[in-house]
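The structure under discussion appears below in the form of structure tokens.
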Amino acid sequence: MKKSKTSTLAAMSMLAMASVPASGENITLQYGAYGAPSSTLVEHGVIPFLETAKAESEGTLDYVLHAGGALVGASTTLAGIADGLVDGGQLLAVYHPSELPTINLAMGLGPSLTNDPVAVGAAITEFALLACPGCTKELEEWNIQFLGGYSSSPYALLCVEPYQSLDDLKGKRVRASGVWGQVAARLGMTPVNLTIGETYEGLQRGQLDCTFGSPNWLDSFSMGDVAPNLVKLDYGLSFSGPITNVSLDIWGRLTDEQKQALKDGAALSVVRASTAYVESDFAAIDRAEAEGWTIIEPDPEVLGAMDGFSDELAASVIERGVERGIENSEELIATFRELVVKWEKIVADAEGDEATIVEALKTEVYDKL
């Protein structure tokens, strides 16, 4: 297992020692989240995961949620789990392309997708758990048992000033993690690689003009205070890693019943977090006028700049994968795309019924884990 050399994390790792149980004992998970308790992925993803596990284990699993980056942030969760500082956490794999190159293959397609977020969240979960041995191996090297992913709703541009045309966007500095830098380039913008935790301050201090993000970020990350102008791209998704997971140190000590409780919680989380992203977007846009946020329909040339981008992005993602030693990159990308199609049909047939989709996840994925 790889270990972080960060002295602070190593020094603090004793905090989690008490939560490592003998088999069959009651367990209290120390769970980290970079988002606040009211942020979409924490409120509708992490917390339902943990609460379901607690209820279905009849209280033998409990948790302490360290939200808002109290113990680990967006860029330190990977090392925090590896070092035992936390027992699991909201992990953004996109911040770790070198450490987790294989799972980043599928996630690299996100900026070109316009599919149903629930289907994409289910597809990345099945891909990581059942269809991508390289993903499993990489995560295990960091002491992580992946349990569930998510997908955001389509992204917009949240900007300090109202921009509408390509000329308006040209040269503007935009927070763009990973392959979102290629979207920025298509729009003539200058990508800046900041974490989500650094974005508010970057906008406030003039380091950034915009950030890519979902409309609900106006509220959930308070971006409306510093970037109240939303340019509706309705293009590209983000599904940046497992928001539900536990360390292998913990997983190996669980009873079958406790593992099942965590899997059931993860299945609910995948669906609810992705659904909540869409619903909270509508809520934010509905409140825009009252909150003083401006919703801008971009000129047609802005969306036209994305023509042909999907194929270009896929080719570049595959090429980077091969450069990183993943020789079956093209096959993995094809597998992920097939899973997206599979889950779009399942989700469409469910007609919005959460319980039906959760049950499909259990049957198609978790029962095979």
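Going through the structure tokens in order, the chains are called A, B, and so on, while each chain numbers its residues from 1 and the ligands are numbered from 1 in the order shown.
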Exercise for review: Can you pull out every residue within 12 Å of Arg205 in chain A, counting only C-alpha atoms, but drop anything in the same chain fewer than 5 positions away, and send it as a list in words?
Suggested key: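 Once the adjacent positions are removed, what remains is Val160, Glu198, Thr199, Tyr200, Cys210, Val226 and Ala227 of chain A.
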Give me the range 91-143 of chain A side of the contact with range 248-256 of chain A, cut-off 9 Å, one line per residue showing its nearest atom pair and distance in Å at one decimal, counting only C-alpha atoms, sorted by chain and residue number, as a Markdown table.
| residue | atom | partner | partner_atom | distance |
| --- | --- | --- | --- | --- |
| A:Glu140 | CA | A:Leu248 | CA | 7.3 |
| A:Trp142 | CA | A:Leu248 | CA | 8.8 |
| A:Asn143 | CA | A:Leu248 | CA | 5.1 |
Store the residues picked out above in a file with N, CA, C and O atoms, as an mmCIF file, in the first residue's frame.
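Final output, again_26.cif:
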data_model
loop_
_atom_site.group_PDB
_atom_site.id
_atom_site.type_symbol
_atom_site.label_atom_id
_atom_site.label_comp_id
_atom_site.auth_asym_id
_atom_site.auth_seq_id
_atom_site.Cartn_x
_atom_site.Cartn_y
_atom_site.Cartn_z
ATOM 1 N N GLU A 140 -6.973 -0.016 -4.230
ATOM 2 C CA GLU A 140 -6.495 -0.861 -3.134
ATOM 3 C C GLU A 140 -5.094 -0.468 -2.691
ATOM 4 O O GLU A 140 -4.747 -0.591 -1.510
ATOM 5 N N TRP A 142 -4.103 2.361 -2.330
ATOM 6 C CA TRP A 142 -4.289 3.506 -1.427
ATOM 7 C C TRP A 142 -5.244 3.162 -0.283
ATOM 8 O O TRP A 142 -5.806 4.059 0.339
ATOM 9 N N ASN A 143 -5.436 1.867 -0.032
ATOM 10 C CA ASN A 143 -6.197 1.413 1.131
ATOM 11 C C ASN A 143 -7.685 1.711 1.011
ATOM 12 O O ASN A 143 -8.370 1.920 2.008
#
Review point. With only C-alpha atoms as the basis for distance, which of A:Gly178, A:Met223, A:Ser247, A:Ala55 is at the shortest distance from Gly84 in chain A?
Key: A:Ser247
Point to revise | range 116-200 of chain A: residues DSSP assigns to helix (DSSP H, G or I), reported as a ChimeraX atom specification | key: /A:117-131,133-141,166-169,180-186,196-200
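The space separating CA of Thr275 in chain A from CA of Val118 in chain A comes to 6.2 Å.
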Exercise for review: Kindly indicate which residue among A:Ala284, A:Cys132, A:Leu166, A:Ala261 lies nearest to Lys362 in chain A, using only C-alpha atoms for the distances.
Suggested key: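 Looking only at the distances to Lys362 in chain A, the closest residue turns out to be A:Ala261.
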Exercise for review: Find the residues near range 104-106 of chain A: any atom within 7 Å, counting only C-alpha atoms, skip ones fewer than 3 places away on the same chain, and give them as a list in words.
Suggested key: Ala93, Val94, Pro97, Leu100, Pro101, Leu109, Val317, Gly321, Ile333 and Phe336 of chain A
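For the residues A:Ser153, A:Ser177, A:Gln30, A:Thr40, ranking by smallest atom-to-atom distance to Gly80 in chain A using only C-alpha atoms places A:Gln30 first.
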Exercise for review: Give the answer as one residue: which of A:Gly206, A:Gly171, A:Gly308, A:Gly292 has the shortest atom-to-atom distance to Asp225 in chain A, using only C-alpha atoms?
Suggested key: A:Gly292
Exercise for review: Return as number ranges by chain the full set of residues in range 56-267 of chain A whose backbone-based DSSP assignment is strand (DSSP E or B).
Suggested key: A: 61-66, 88-89, 144-148, 155-159, 173-175, 190-192, 210-213, 229-235, 244-247
Point to revise | Near-Pro117 in chain A list (12 Å; only C-alpha atoms; drop same-chain fewer than 3 positions) as an NGL selection string | key: :A and (110 or 113-114 or 120-124 or 149-155 or 214 or 235-239 or 270-279 or 340 or 343-344 or 347-348)
Exercise for review: Quick one: pull the distance between CA of Gln258 in chain A and CA of Ser39 in chain A, Å, one decimal.
Suggested key: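 CA of Ser39 in chain A lies at a distance of 26.8 Å from CA of Gln258 in chain A.
We find CA of Pro298 in chain A and CA of Leu313 in chain A to be spaced 22.4 Å apart.
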